[in-house]
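Structure data (compact mmCIF, C-alpha atoms and all ligand atoms) from my_file15.txt:
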```txt
# COMPACT_ATOMS: atom_id res chain seq x y z
CA MET A 473 0.00 0.00 0.00
CA GLU A 474 2.76 2.36 1.07
CA THR A 475 4.73 1.63 -2.10
CA LEU A 476 1.67 2.24 -4.26
CA ARG A 477 1.08 5.57 -2.50
CA LYS A 478 4.71 6.56 -3.04
CA LYS A 479 4.49 5.56 -6.69
CA ILE A 480 1.37 7.69 -7.20
CA LEU A 481 2.86 10.67 -5.38
CA ASN A 482 6.07 10.21 -7.29
CA LYS A 483 4.21 10.35 -10.58
CA ALA A 484 1.54 12.89 -9.63
CA GLY A 485 3.13 15.60 -11.77
CA LEU A 486 3.26 13.28 -14.76
CA TYR A 487 -0.37 12.23 -14.34
CA TYR A 488 -1.31 15.89 -14.06
CA SER A 489 0.48 16.73 -17.34
CA LEU A 490 -1.15 13.77 -19.11
CA ALA A 491 -4.60 14.80 -17.84
CA ARG A 492 -3.90 18.38 -18.95
CA SER A 493 -3.01 17.07 -22.41
CA GLY A 494 -6.25 15.06 -22.45
CA ASN A 495 -8.18 18.22 -21.62
CA PHE A 496 -6.63 20.26 -24.45
CA ALA A 497 -6.94 17.38 -26.94
CA ALA A 498 -10.62 17.05 -26.04
CA GLN A 499 -11.12 20.78 -26.55
CA GLY A 500 -9.57 20.41 -30.01
CA LEU A 501 -12.19 17.83 -30.98
CA LEU A 502 -14.80 20.57 -31.46
CA LEU A 503 -12.70 22.49 -33.98
CA PRO A 504 -13.68 20.53 -37.13
CA PHE A 505 -17.32 21.15 -36.22
CA VAL A 506 -16.63 24.89 -35.77
CA THR A 507 -14.92 24.92 -39.18
CA TYR A 508 -17.97 23.29 -40.70
CA LEU A 509 -20.26 25.93 -39.15
CA ALA A 510 -17.98 28.72 -40.37
CA THR A 511 -17.44 27.58 -43.92
CA GLY A 512 -20.07 24.96 -44.72
CA THR A 513 -17.34 22.47 -45.55
CA SER A 514 -15.55 20.06 -43.30
CA ARG A 515 -11.77 19.92 -43.49
CA ALA A 516 -10.89 16.27 -43.32
CA GLN A 517 -7.81 15.40 -41.27
CA PRO A 518 -5.02 14.23 -43.61
CA LYS A 519 -4.92 10.44 -43.93
CA GLU A 520 -1.46 10.46 -42.32
CA PHE A 521 -2.98 11.89 -39.15
CA LYS A 522 -5.02 8.75 -38.55
CA ALA A 523 -2.15 6.49 -39.56
CA HIS A 524 0.24 8.21 -37.12
CA LEU A 525 -2.20 8.94 -34.30
CA GLY A 526 -0.82 6.19 -32.05
CA GLU A 527 2.72 7.48 -32.52
CA LEU A 528 1.59 11.07 -31.86
CA LEU A 529 0.05 10.00 -28.56
CA LEU A 530 3.19 8.09 -27.57
CA ARG A 531 5.34 11.12 -28.33
CA ILE A 532 3.10 13.36 -26.20
CA LYS A 533 3.43 10.89 -23.33
CA SER A 534 7.16 10.72 -23.84
CA ILE A 535 7.72 14.50 -23.77
CA HIS A 536 5.73 14.72 -20.53
CA GLU A 537 7.82 11.90 -19.08
CA LYS A 538 11.01 13.72 -20.05
CA ASP A 539 9.65 16.98 -18.60
CA PHE A 540 8.77 15.29 -15.31
CA GLU A 541 12.16 13.55 -15.18
CA ASN A 542 13.78 16.98 -15.50
CA ILE A 543 11.69 18.19 -12.56
CA LYS A 544 12.68 15.18 -10.48
CA ASN A 545 16.33 15.76 -11.40
CA GLY A 546 16.09 19.33 -10.14
CA LEU A 547 16.58 21.04 -13.51
CA TYR A 548 13.47 23.11 -12.82
CA PRO A 549 10.97 23.12 -9.96
CA VAL A 550 7.55 21.49 -9.98
CA GLU A 551 5.96 24.97 -9.93
CA VAL A 552 6.43 25.05 -13.71
CA LEU A 553 3.37 22.76 -13.79
CA TYR A 554 1.09 24.89 -11.62
CA PRO A 555 -2.31 25.22 -13.29
CA GLU A 556 -4.14 28.42 -13.99
CA SER A 557 -7.56 29.04 -12.43
CA ILE A 558 -10.05 26.48 -13.74
CA LEU A 559 -12.71 29.17 -13.97
CA LYS A 560 -10.54 31.48 -16.12
CA HIS A 561 -9.63 28.51 -18.29
CA ALA A 562 -13.25 27.45 -18.77
CA LEU A 563 -14.46 30.98 -19.48
CA ARG A 564 -11.81 31.45 -22.16
CA TYR A 565 -12.84 28.35 -24.13
CA PRO A 566 -15.95 29.89 -25.76
CA GLN A 567 -13.77 32.78 -26.92
CA VAL A 568 -11.27 30.30 -28.34
CA LEU A 569 -14.09 28.62 -30.27
CA LEU A 570 -15.32 31.97 -31.56
CA ASP A 571 -11.83 32.82 -32.76
CA ALA A 572 -11.56 29.37 -34.40
CA PHE A 573 -14.80 30.22 -36.25
CA ARG A 574 -13.33 33.51 -37.52
CA ALA A 575 -9.99 31.91 -38.34
CA ALA A 576 -11.77 29.21 -40.38
CA GLN A 577 -13.54 31.93 -42.40
CA ARG A 578 -10.26 33.72 -42.97
CA ARG A 579 -8.59 30.46 -44.06
CA ASP A 580 -11.46 29.80 -46.42
CA LYS A 581 -11.10 33.26 -48.02
CA LYS A 582 -7.28 33.03 -47.89
CA SER A 583 -7.36 36.35 -46.12
CA ALA A 584 -4.48 37.02 -43.74
CA HIS A 585 -4.19 40.78 -43.57
CA GLU A 586 -7.21 41.95 -41.56
CA PHE A 587 -6.46 44.36 -38.76
CA SER A 588 -8.55 46.26 -36.27
CA ASP A 589 -8.20 49.96 -35.49
CA GLU A 590 -6.36 48.90 -32.34
CA ALA A 591 -3.69 47.22 -34.50
CA ASN A 592 -3.62 49.86 -37.24
CA GLU A 593 -2.11 52.30 -34.76
CA TYR A 594 1.06 50.19 -34.62
CA LEU A 595 1.34 48.86 -38.18
CA ALA A 596 3.39 51.69 -39.69
CA ASP A 597 6.34 50.97 -37.37
CA LEU A 598 6.36 47.21 -37.88
CA PRO A 599 8.28 45.14 -40.44
CA GLU A 600 6.32 44.05 -43.54
CA TYR A 601 6.72 40.29 -42.94
CA TYR A 602 5.04 40.73 -39.54
CA LYS A 603 1.90 42.57 -40.72
CA ARG A 604 -0.34 39.54 -41.09
CA ASN A 605 -2.75 37.32 -39.21
CA PHE A 606 -0.34 34.56 -38.28
CA HIS A 607 -2.30 31.29 -37.95
CA PHE A 608 -5.27 33.28 -39.39
CA GLN A 609 -5.89 34.32 -35.79
CA THR A 610 -7.91 37.49 -35.26
CA GLY A 611 -5.64 40.52 -34.94
CA GLY A 612 -2.45 38.54 -35.71
CA TYR A 613 -0.21 39.37 -32.77
CA LEU A 614 -1.74 42.81 -32.52
CA SER A 615 -4.79 42.69 -30.31
CA LYS A 616 -5.51 42.32 -26.62
CA VAL A 617 -7.93 39.48 -27.35
CA SER A 618 -5.33 37.59 -29.35
CA ALA A 619 -2.83 38.01 -26.47
CA GLU A 620 -5.42 36.61 -24.06
CA LEU A 621 -6.25 33.58 -26.23
CA TYR A 622 -2.81 32.75 -27.62
CA GLU A 623 -1.46 30.34 -24.97
CA HIS A 624 -4.72 28.42 -24.83
CA GLN A 625 -4.81 28.12 -28.63
CA VAL A 626 -1.22 26.88 -28.80
CA GLU A 627 -1.90 24.25 -26.16
CA ILE A 628 -4.92 23.02 -28.13
CA LEU A 629 -2.76 22.85 -31.27
CA PHE A 630 -0.15 20.73 -29.47
CA SER A 631 -2.60 18.79 -27.25
CA GLY A 632 -1.19 20.29 -24.07
CA ALA A 633 2.46 19.56 -24.88
CA ALA A 634 3.52 23.13 -25.79
CA ASP A 635 4.93 24.04 -22.38
CA ALA A 636 6.93 20.83 -22.17
CA MET A 637 8.33 21.57 -25.64
CA ARG A 638 9.26 25.11 -24.59
CA ARG A 639 11.16 23.72 -21.61
CA LEU A 640 13.40 21.57 -23.87
CA ILE A 641 15.86 24.46 -23.87
CA ILE A 642 16.30 24.58 -20.10
CA PRO A 643 18.39 21.40 -19.52
CA PRO A 644 21.23 22.43 -21.87
CA MET A 645 21.17 25.91 -20.27
CA LYS A 646 21.34 24.43 -16.78
CA ILE A 647 24.25 22.24 -17.85
CA HIS A 648 26.06 25.18 -19.43
CA PHE A 649 25.61 27.33 -16.31
CA GLU A 650 26.54 24.36 -14.11
CA GLY A 651 23.25 24.16 -12.28
CA GLU A 652 23.46 27.73 -11.00
CA ASP A 653 20.40 29.61 -9.78
CA GLY A 654 21.19 32.48 -12.15
CA GLU A 655 22.92 34.80 -9.65
CA GLY A 656 24.77 37.48 -11.64
CA LEU A 657 23.46 36.19 -14.99
CA HIS A 658 21.49 38.26 -17.47
CA PHE A 659 19.37 36.46 -20.09
CA LEU A 660 17.69 37.88 -23.17
CA GLU A 661 14.55 36.19 -24.40
CA LEU A 662 13.59 37.13 -27.95
CA ALA A 663 9.95 36.95 -29.08
CA SER A 664 8.88 36.21 -25.53
CA GLY A 665 5.21 36.60 -26.49
CA THR A 666 2.93 36.29 -23.47
CA GLY A 667 5.82 34.99 -21.36
CA ARG A 668 5.20 31.28 -21.23
CA LEU A 669 8.84 30.18 -21.57
CA THR A 670 9.87 33.23 -19.51
CA ARG A 671 7.97 31.89 -16.51
CA SER A 672 9.72 28.51 -16.67
CA LEU A 673 13.11 30.22 -17.13
CA ALA A 674 12.48 32.49 -14.14
CA LEU A 675 11.60 29.45 -12.01
CA ALA A 676 14.63 27.48 -13.21
CA PHE A 677 17.01 30.43 -12.67
CA PRO A 678 15.33 32.38 -9.85
CA LYS A 679 18.18 34.86 -9.43
CA ALA A 680 18.82 35.63 -13.11
CA LYS A 681 17.77 38.91 -14.65
CA ILE A 682 15.63 38.31 -17.75
CA THR A 683 15.01 40.87 -20.48
CA CYS A 684 12.10 40.04 -22.78
CA VAL A 685 11.88 41.50 -26.28
CA ASP A 686 8.86 41.20 -28.55
CA LEU A 687 7.40 43.20 -31.43
CA SER A 688 3.87 43.03 -30.05
CA PRO A 689 2.96 45.63 -27.41
CA MET A 690 -0.19 43.65 -26.61
CA TYR A 691 1.66 40.38 -26.02
CA LEU A 692 4.26 42.18 -23.90
CA ALA A 693 1.47 43.74 -21.82
CA LYS A 694 -0.08 40.30 -21.24
CA ALA A 695 3.34 38.88 -20.26
CA ARG A 696 3.88 41.78 -17.84
CA GLU A 697 0.48 41.10 -16.25
CA ARG A 698 0.97 37.31 -16.01
CA LEU A 699 4.52 37.60 -14.64
CA LYS A 700 3.94 40.48 -12.22
CA ASP A 701 5.12 38.37 -9.27
CA PHE A 702 8.59 37.95 -10.79
CA LYS A 703 10.61 41.04 -9.94
CA ASN A 704 13.70 40.47 -12.08
CA ILE A 705 12.05 40.46 -15.51
CA ASN A 706 11.86 43.52 -17.74
CA PHE A 707 10.10 44.01 -21.06
CA VAL A 708 11.23 45.86 -24.18
CA GLN A 709 9.25 46.32 -27.35
CA GLY A 710 11.48 45.75 -30.38
CA ALA A 711 12.62 43.53 -33.21
CA GLY A 712 15.05 40.64 -32.78
CA GLU A 713 16.89 41.76 -35.92
CA LYS A 714 17.46 45.31 -34.62
CA LEU A 715 18.45 44.94 -30.99
CA THR A 716 19.38 48.13 -29.18
CA PHE A 717 21.57 46.49 -26.52
CA LYS A 718 25.32 47.01 -26.28
CA PRO A 719 27.61 44.26 -27.60
CA LYS A 720 28.38 41.42 -25.13
CA THR A 721 25.55 42.27 -22.72
CA PHE A 722 23.95 38.86 -22.10
CA ASN A 723 25.03 35.48 -20.74
CA ALA A 724 22.30 33.77 -22.78
CA VAL A 725 20.01 34.65 -25.68
CA VAL A 726 17.05 32.32 -26.15
CA SER A 727 13.80 32.22 -28.08
CA CYS A 728 10.84 29.95 -28.58
CA PHE A 729 8.69 29.46 -31.71
CA LEU A 730 10.21 32.53 -33.41
CA PHE A 731 12.38 31.43 -36.33
CA HIS A 732 9.71 29.57 -38.33
CA GLU A 733 7.77 32.85 -38.56
CA LEU A 734 10.64 34.80 -40.14
CA PRO A 735 11.85 35.10 -43.73
CA MET A 736 15.32 33.55 -44.18
CA ALA A 737 17.13 36.92 -44.37
CA VAL A 738 15.54 38.04 -41.10
CA ARG A 739 16.39 34.71 -39.44
CA GLU A 740 20.03 35.38 -40.30
CA LYS A 741 19.87 38.93 -38.95
CA VAL A 742 18.28 37.79 -35.67
CA LEU A 743 21.05 35.22 -35.20
CA ALA A 744 23.76 37.79 -36.00
CA GLU A 745 22.23 40.29 -33.56
CA SER A 746 21.92 37.61 -30.88
CA LEU A 747 25.57 36.77 -31.28
CA ARG A 748 26.57 40.44 -31.12
CA CYS A 749 24.72 40.88 -27.81
CA LEU A 750 26.06 37.66 -26.31
CA LYS A 751 29.12 37.61 -24.03
CA PRO A 752 31.99 35.25 -24.95
CA MET A 753 31.10 31.73 -23.73
CA GLY A 754 27.47 32.84 -23.79
CA PHE A 755 24.63 30.40 -24.53
CA LEU A 756 22.53 30.78 -27.68
CA GLY A 757 19.41 28.62 -27.66
CA LEU A 758 16.12 28.26 -29.43
CA VAL A 759 13.09 26.03 -29.43
CA ASP A 760 11.15 25.74 -32.64
CA SER A 761 9.43 23.30 -34.95
CA ILE A 762 11.31 20.21 -36.03
CA GLN A 763 12.71 20.56 -39.57
CA LYS A 764 13.15 18.30 -42.56
CA ASN A 765 15.10 15.16 -41.55
CA ASP A 766 14.63 15.67 -37.80
CA ASP A 767 11.94 13.01 -37.54
CA GLN A 768 10.83 10.86 -40.49
CA GLU A 769 7.61 9.96 -38.66
CA PHE A 770 6.30 13.54 -38.87
CA GLN A 771 7.28 14.69 -42.37
CA TRP A 772 3.55 14.78 -43.21
CA ALA A 773 2.92 17.19 -40.30
CA LEU A 774 5.57 19.58 -41.63
CA LYS A 775 3.64 19.70 -44.93
CA GLN A 776 0.25 19.99 -43.26
CA PHE A 777 1.00 22.81 -40.80
CA PRO A 778 1.30 25.65 -43.35
CA LEU A 779 -1.88 24.42 -45.09
CA ASP A 780 -3.93 24.73 -41.91
CA PHE A 781 -2.34 27.88 -40.54
CA HIS A 782 -1.14 31.08 -42.13
CA GLU A 783 2.62 30.47 -41.89
CA PRO A 784 4.16 31.86 -45.08
CA PHE A 785 7.82 31.31 -44.10
CA TYR A 786 7.47 27.82 -42.64
CA LYS A 787 8.17 25.89 -45.86
CA ASN A 788 11.48 27.67 -46.22
CA TYR A 789 12.23 27.30 -42.50
CA VAL A 790 11.95 23.50 -42.57
CA GLN A 791 14.49 23.29 -45.41
CA HIS A 792 17.27 25.16 -43.55
CA PRO A 793 18.47 23.38 -40.41
CA MET A 794 19.01 25.81 -37.55
CA GLU A 795 21.99 23.69 -36.45
CA THR A 796 23.81 24.49 -39.71
CA GLN A 797 23.10 28.19 -39.25
CA LEU A 798 24.54 28.15 -35.73
CA GLU A 799 27.62 26.28 -36.92
CA LEU A 800 28.14 28.72 -39.81
CA LEU A 801 28.19 31.52 -37.24
CA GLY A 802 31.08 29.79 -35.46
CA LEU A 803 29.14 28.57 -32.43
CA LYS A 804 30.73 25.65 -30.58
CA ASN A 805 29.10 22.60 -29.07
CA VAL A 806 25.98 22.82 -31.25
CA GLN A 807 23.39 20.39 -29.83
CA THR A 808 19.84 19.33 -30.63
CA GLU A 809 17.16 17.76 -28.48
CA VAL A 810 13.99 16.70 -30.27
CA GLY A 811 10.74 16.39 -28.32
CA PHE A 812 7.34 15.71 -29.94
CA LEU A 813 7.01 18.27 -32.78
CA SER A 814 9.71 20.66 -31.58
CA LYS A 815 13.42 20.72 -31.00
CA ALA A 816 15.81 22.75 -28.91
CA VAL A 817 18.99 23.81 -30.68
CA SER A 818 21.82 25.45 -28.78
CA GLY A 819 25.43 26.47 -29.09
CA ILE A 820 28.12 28.37 -27.24
CA LYS A 821 29.79 31.56 -28.46
CA ALA A 822 33.54 31.09 -28.72
C1 LIG B 901 4.62 31.97 -32.12
S1 LIG B 901 4.78 33.33 -31.04
C2 LIG B 901 5.85 32.66 -29.77
C3 LIG B 901 5.68 33.37 -28.45
C4 LIG B 901 6.40 32.73 -27.27
N1 LIG B 901 7.81 32.70 -27.46
C5 LIG B 901 5.87 31.36 -26.97
O1 LIG B 901 6.66 30.46 -26.72
O2 LIG B 901 4.66 31.22 -26.91
C6 LIG B 901 5.86 34.36 -31.93
C7 LIG B 901 6.19 35.65 -31.20
O3 LIG B 901 7.26 36.26 -31.90
C8 LIG B 901 7.05 37.66 -31.92
N2 LIG B 901 7.87 38.14 -33.05
C9 LIG B 901 7.73 37.83 -34.36
N3 LIG B 901 8.70 38.39 -35.08
C10 LIG B 901 9.50 39.04 -34.20
C11 LIG B 901 10.70 39.81 -34.33
N4 LIG B 901 11.27 40.01 -35.51
N5 LIG B 901 11.25 40.35 -33.22
C12 LIG B 901 10.67 40.17 -32.00
N6 LIG B 901 9.54 39.47 -31.82
C13 LIG B 901 8.96 38.90 -32.91
C14 LIG B 901 5.54 37.79 -32.06
O4 LIG B 901 5.08 39.05 -31.69
C15 LIG B 901 5.06 36.67 -31.15
O5 LIG B 901 4.91 37.12 -29.83
```
For this file, write the structure as structure tokens.
Ligand SMILES: C[S@@+](CC[C@H](N)C(=O)[O-])C[C@H]1O[C@@H](n2cnc3c(N)ncnc32)[C@H](O)[C@@H]1O
Amino acid sequence: METLRKKILNKAGLYYSLARSGNFAAQGLLLPFVTYLATGTSRAQPKEFKAHLGELLLRIKSIHEKDFENIKNGLYPVEVLYPESILKHALRYPQVLLDAFRAAQRRDKKSAHEFSDEANEYLADLPEYYKRNFHFQTGGYLSKVSAELYEHQVEILFSGAADAMRRLIIPPMKIHFEGEDGEGLHFLELASGTGRLTRSLALAFPKAKITCVDLSPMYLAKARERLKDFKNINFVQGAGEKLTFKPKTFNAVVSCFLFHELPMAVREKVLAESLRCLKPMGFLGLVDSIQKNDDQEFQWALKQFPLDFHEPFYKNYVQHPMETQLELLGLKNVQTEVGFLSKAVSGIKA
């Protein structure tokens, strides 16, 4: 009895993550129906989805197992798993469905450049490649509503595995900084969005200073609100390819789900700017979608993603391994860790 109790307690975090994944996957089941209501046509899942469903489920389980192992090994604390209020979560779901309805209409019309007055105020100062409704979502990254819904939508897309994928970058960082709590370290997070990776980083390195940069004022505002209890995080609106920091400022520059949304030339500029701002022996890391050749099992998903979501630079992104780009920049110790549909790539500045 005692052993069974210990086993359950020992795995409680894992069971919680699996249940959370079940919840988001179940929420996703309504989306085809919403699409049908919005467009009058049902979008059939690609045949590969059914054929690979079992493997998809196994990979979700496996990334949660890895995530929980990292918690048990002290790479980050169990607080990374703390749930949000159930009421807030439940009240947001109808809004997520409404946005899925609008996104389906936009997908149907192939319309990805609709902005509200709220967004129009900012458009003139933003780069061209960014002025679009990424994922066909309402407002692109430029509305308060989109900032509120974004994390929930991403978790539905990845059946509750998005946070675990984001955290893939923390173990190599912890190893590089020799398990430190972040005392005296200054990290830069590019494209921090609503601060989902930021929160895990702040918990893993409680004494580090973290500067978050993002182009979206609305997403930065949401991150500021959600992370108000963390005192050593600051927020700067700006572009990853035009950083205003002095050379050699940061001990680490990281990002999550940024590079697949950039044209190739901008990807290169962001990497060059990251390197400029990084101290010698600094850590450069990113989490993003797997690319061609990373996982033969999911080649079909790489083709499907830009058909379902407005992601104009994705096809080019999957062809150009991030590892090669880091190596071409002279980074040492370039490493990759694949987990479910994402990978963490990192290297050290010489
Ligand atoms: C897919 S979201 C990822 C957000 C967050 N990192 C996460 O893990 O959820 C992409 C983010 O990149 C930001 N972004 C896109 N291009 C950028 C650029 N050139 N410089 C800074 N931020 C950018 C967007 O505003 C958005 O918040």
Neighbouring residues of ligand LIG 901 (chain B) are defined here as those with any atom at most 9 Å from a ligand atom, counting all atoms listed in the file; list them as a PDB file with C-alpha atoms, in the frame of the given file.
```pdb
ATOM      1  CA  PRO A 599       8.280  45.140 -40.440  1.00  0.00           C
ATOM      2  CA  TYR A 601       6.720  40.290 -42.940  1.00  0.00           C
ATOM      3  CA  TYR A 602       5.040  40.730 -39.540  1.00  0.00           C
ATOM      4  CA  PHE A 606      -0.340  34.560 -38.280  1.00  0.00           C
ATOM      5  CA  GLY A 612      -2.450  38.540 -35.710  1.00  0.00           C
ATOM      6  CA  TYR A 613      -0.210  39.370 -32.770  1.00  0.00           C
ATOM      7  CA  LEU A 614      -1.740  42.810 -32.520  1.00  0.00           C
ATOM      8  CA  ALA A 619      -2.830  38.010 -26.470  1.00  0.00           C
ATOM      9  CA  TYR A 622      -2.810  32.750 -27.620  1.00  0.00           C
ATOM     10  CA  GLU A 623      -1.460  30.340 -24.970  1.00  0.00           C
ATOM     11  CA  VAL A 626      -1.220  26.880 -28.800  1.00  0.00           C
ATOM     12  CA  ALA A 634       3.520  23.130 -25.790  1.00  0.00           C
ATOM     13  CA  ASP A 635       4.930  24.040 -22.380  1.00  0.00           C
ATOM     14  CA  ARG A 638       9.260  25.110 -24.590  1.00  0.00           C
ATOM     15  CA  GLU A 661      14.550  36.190 -24.400  1.00  0.00           C
ATOM     16  CA  LEU A 662      13.590  37.130 -27.950  1.00  0.00           C
ATOM     17  CA  ALA A 663       9.950  36.950 -29.080  1.00  0.00           C
ATOM     18  CA  SER A 664       8.880  36.210 -25.530  1.00  0.00           C
ATOM     19  CA  GLY A 665       5.210  36.600 -26.490  1.00  0.00           C
ATOM     20  CA  THR A 666       2.930  36.290 -23.470  1.00  0.00           C
ATOM     21  CA  GLY A 667       5.820  34.990 -21.360  1.00  0.00           C
ATOM     22  CA  ARG A 668       5.200  31.280 -21.230  1.00  0.00           C
ATOM     23  CA  LEU A 669       8.840  30.180 -21.570  1.00  0.00           C
ATOM     24  CA  THR A 670       9.870  33.230 -19.510  1.00  0.00           C
ATOM     25  CA  VAL A 685      11.880  41.500 -26.280  1.00  0.00           C
ATOM     26  CA  ASP A 686       8.860  41.200 -28.550  1.00  0.00           C
ATOM     27  CA  LEU A 687       7.400  43.200 -31.430  1.00  0.00           C
ATOM     28  CA  SER A 688       3.870  43.030 -30.050  1.00  0.00           C
ATOM     29  CA  PRO A 689       2.960  45.630 -27.410  1.00  0.00           C
ATOM     30  CA  MET A 690      -0.190  43.650 -26.610  1.00  0.00           C
ATOM     31  CA  TYR A 691       1.660  40.380 -26.020  1.00  0.00           C
ATOM     32  CA  LEU A 692       4.260  42.180 -23.900  1.00  0.00           C
ATOM     33  CA  GLN A 709       9.250  46.320 -27.350  1.00  0.00           C
ATOM     34  CA  GLY A 710      11.480  45.750 -30.380  1.00  0.00           C
ATOM     35  CA  ALA A 711      12.620  43.530 -33.210  1.00  0.00           C
ATOM     36  CA  GLY A 712      15.050  40.640 -32.780  1.00  0.00           C
ATOM     37  CA  GLU A 713      16.890  41.760 -35.920  1.00  0.00           C
ATOM     38  CA  LYS A 714      17.460  45.310 -34.620  1.00  0.00           C
ATOM     39  CA  LEU A 715      18.450  44.940 -30.990  1.00  0.00           C
ATOM     40  CA  SER A 727      13.800  32.220 -28.080  1.00  0.00           C
ATOM     41  CA  CYS A 728      10.840  29.950 -28.580  1.00  0.00           C
ATOM     42  CA  PHE A 729       8.690  29.460 -31.710  1.00  0.00           C
ATOM     43  CA  LEU A 730      10.210  32.530 -33.410  1.00  0.00           C
ATOM     44  CA  PHE A 731      12.380  31.430 -36.330  1.00  0.00           C
ATOM     45  CA  HIS A 732       9.710  29.570 -38.330  1.00  0.00           C
ATOM     46  CA  GLU A 733       7.770  32.850 -38.560  1.00  0.00           C
ATOM     47  CA  LEU A 734      10.640  34.800 -40.140  1.00  0.00           C
ATOM     48  CA  VAL A 738      15.540  38.040 -41.100  1.00  0.00           C
ATOM     49  CA  ARG A 739      16.390  34.710 -39.440  1.00  0.00           C
ATOM     50  CA  VAL A 742      18.280  37.790 -35.670  1.00  0.00           C
ATOM     51  CA  VAL A 759      13.090  26.030 -29.430  1.00  0.00           C
ATOM     52  CA  ASP A 760      11.150  25.740 -32.640  1.00  0.00           C
TER      53      ASP A 760
END
```
List the spatial neighbours of stretch 805-820 of chain A as a tab-separated table (two decimals) with C-alpha atoms, in the frame of the given file - criterion: any atom at most 6 Å away, only C-alpha atoms, same-chain residues fewer than 4 positions off excluded.
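Written file, result11.tsv:
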```tsv
chain	number	residue	atom	x	y	z
A	531	ARG	CA	5.34	11.12	-28.33
A	535	ILE	CA	7.72	14.50	-23.77
A	640	LEU	CA	13.40	21.57	-23.87
A	641	ILE	CA	15.86	24.46	-23.87
A	753	MET	CA	31.10	31.73	-23.73
A	754	GLY	CA	27.47	32.84	-23.79
A	755	PHE	CA	24.63	30.40	-24.53
A	756	LEU	CA	22.53	30.78	-27.68
A	757	GLY	CA	19.41	28.62	-27.66
A	758	LEU	CA	16.12	28.26	-29.43
A	759	VAL	CA	13.09	26.03	-29.43
A	760	ASP	CA	11.15	25.74	-32.64
A	761	SER	CA	9.43	23.30	-34.95
A	762	ILE	CA	11.31	20.21	-36.03
```
Find the spatial neighbours of stretch 476-488 of chain A, counting only C-alpha atoms, within a cut-off of 7 Å - ignore same-chain residues fewer than 3 positions away - and output them as a list in words. Met473, Ala491, Arg492, His536, Glu537 and Phe540 of chain A
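Distance check against A:Ile642 using all atoms listed in the file: of A:Asn542, A:Thr507, A:Ser489, A:Ser618, the minimum falls on A:Asn542.
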Using only C-alpha atoms, which residues of stretch 543-632 of chain A come within 9 Å of stretch 644-659 of chain A, and what is the closest atom pair for each, with the distance in Å to one decimal? Give it as CSV, sorted by chain and residue number.
```
residue,atom,partner,partner_atom,distance
A:Gly546,CA,A:Gly651,CA,8.9
A:Leu547,CA,A:Lys646,CA,6.7
A:Tyr548,CA,A:Lys646,CA,8.9
```
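Restricting the calculation to only C-alpha atoms, the smallest distance between A:Ile543 and any of A:Gln771, A:Ser672, A:Ser493, A:Gln776 is found for A:Ser672.
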Could you work out an axis-aligned bounding box for all listed atoms of stretch 494-505 of chain A, with 8 Å added on each of the six sides, and give its centre and edge lengths in Å to one decimal, as JSON?
```
{"center_x": -11.8, "center_y": 18.8, "center_z": -29.4, "size_x": 27.1, "size_y": 23.4, "size_z": 31.5}
```
note - atom CA of A:Pro735 and atom CA of A:Gln791 are separated by 12.2 Å
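Take atom CA of A:Leu563 and atom CA of A:Phe505: the distance between them is 19.6 Å.
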*asked:* The residues within 9 Å of (-14.4, 24.9, -26.7), using all atoms listed in the file and the coordinates of the file, should be reported as number ranges by chain; which are they?
replied: A: 498-503, 562, 564-570
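Reported to one decimal place, the separation of atom CA of A:Glu627 from atom CA of A:Arg696 is 20.2 Å.
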Across A:Pro549, A:Asp580, A:Pro643, A:Leu530, the smallest distance to A:Ser514, with all atoms listed in the file counted, is shown by A:Asp580
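Here the question is which of A:Ala497, A:Val725, A:Ala584, A:Ala591 gets nearest to A:His607 using all atoms listed in the file, and that residue is A:Ala584.
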Practice task
Would you kindly return, as a count of residues only, each protein, DNA or RNA residue with an atom no farther than 12 Å from any atom of A:Ala773, considering only C-alpha atoms and excluding same-chain residues fewer than 2 positions away?
Solution key: 33
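Minimum distance to A:Pro752 across A:Ser631, A:Leu803, A:Glu740, A:Gln577 (counting all atoms listed in the file) occurs at A:Leu803.
Each of A:Met794, A:Gly802, A:Arg574, A:Met637 was compared to A:Asp539 using only C-alpha atoms, and A:Met637 turns out to be the nearest.
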**Report entry** Residue neighbourhood A:Glu586, 8 Å, all atoms listed in the file, exclusion window fewer than 4 positions, as number ranges by chain
**Finding:** A: 604-605, 610-611
Note to self: Which residues are near A:Leu660? Cut-off 8 Å, all atoms listed in the file, ignore same chain within fewer than 5 positions. Put them as a PyMOL selection string.
What the structure shows: chain A and resi 682-685+722+724-726
Since the input has fewer atoms than a full residue there, write stretch 776-780 of chain A out with N, CA and C atoms, as an mmCIF file, in the frame of the given file.
```
data_model
loop_
_atom_site.group_PDB
_atom_site.id
_atom_site.type_symbol
_atom_site.label_atom_id
_atom_site.label_comp_id
_atom_site.auth_asym_id
_atom_site.auth_seq_id
_atom_site.Cartn_x
_atom_site.Cartn_y
_atom_site.Cartn_z
ATOM 1 N N GLN A 776 1.626 19.633 -43.587
ATOM 2 C CA GLN A 776 0.250 19.990 -43.260
ATOM 3 C C GLN A 776 0.138 21.348 -42.542
ATOM 4 N N PHE A 777 1.111 21.631 -41.664
ATOM 5 C CA PHE A 777 1.000 22.810 -40.800
ATOM 6 C C PHE A 777 0.742 24.114 -41.585
ATOM 7 N N PRO A 778 1.553 24.395 -42.641
ATOM 8 C CA PRO A 778 1.300 25.650 -43.350
ATOM 9 C C PRO A 778 0.036 25.630 -44.218
ATOM 10 N N LEU A 779 -0.603 24.450 -44.367
ATOM 11 C CA LEU A 779 -1.880 24.420 -45.090
ATOM 12 C C LEU A 779 -3.025 24.818 -44.148
ATOM 13 N N ASP A 780 -2.877 24.445 -42.889
ATOM 14 C CA ASP A 780 -3.930 24.730 -41.910
ATOM 15 C C ASP A 780 -3.814 26.112 -41.292
#
```
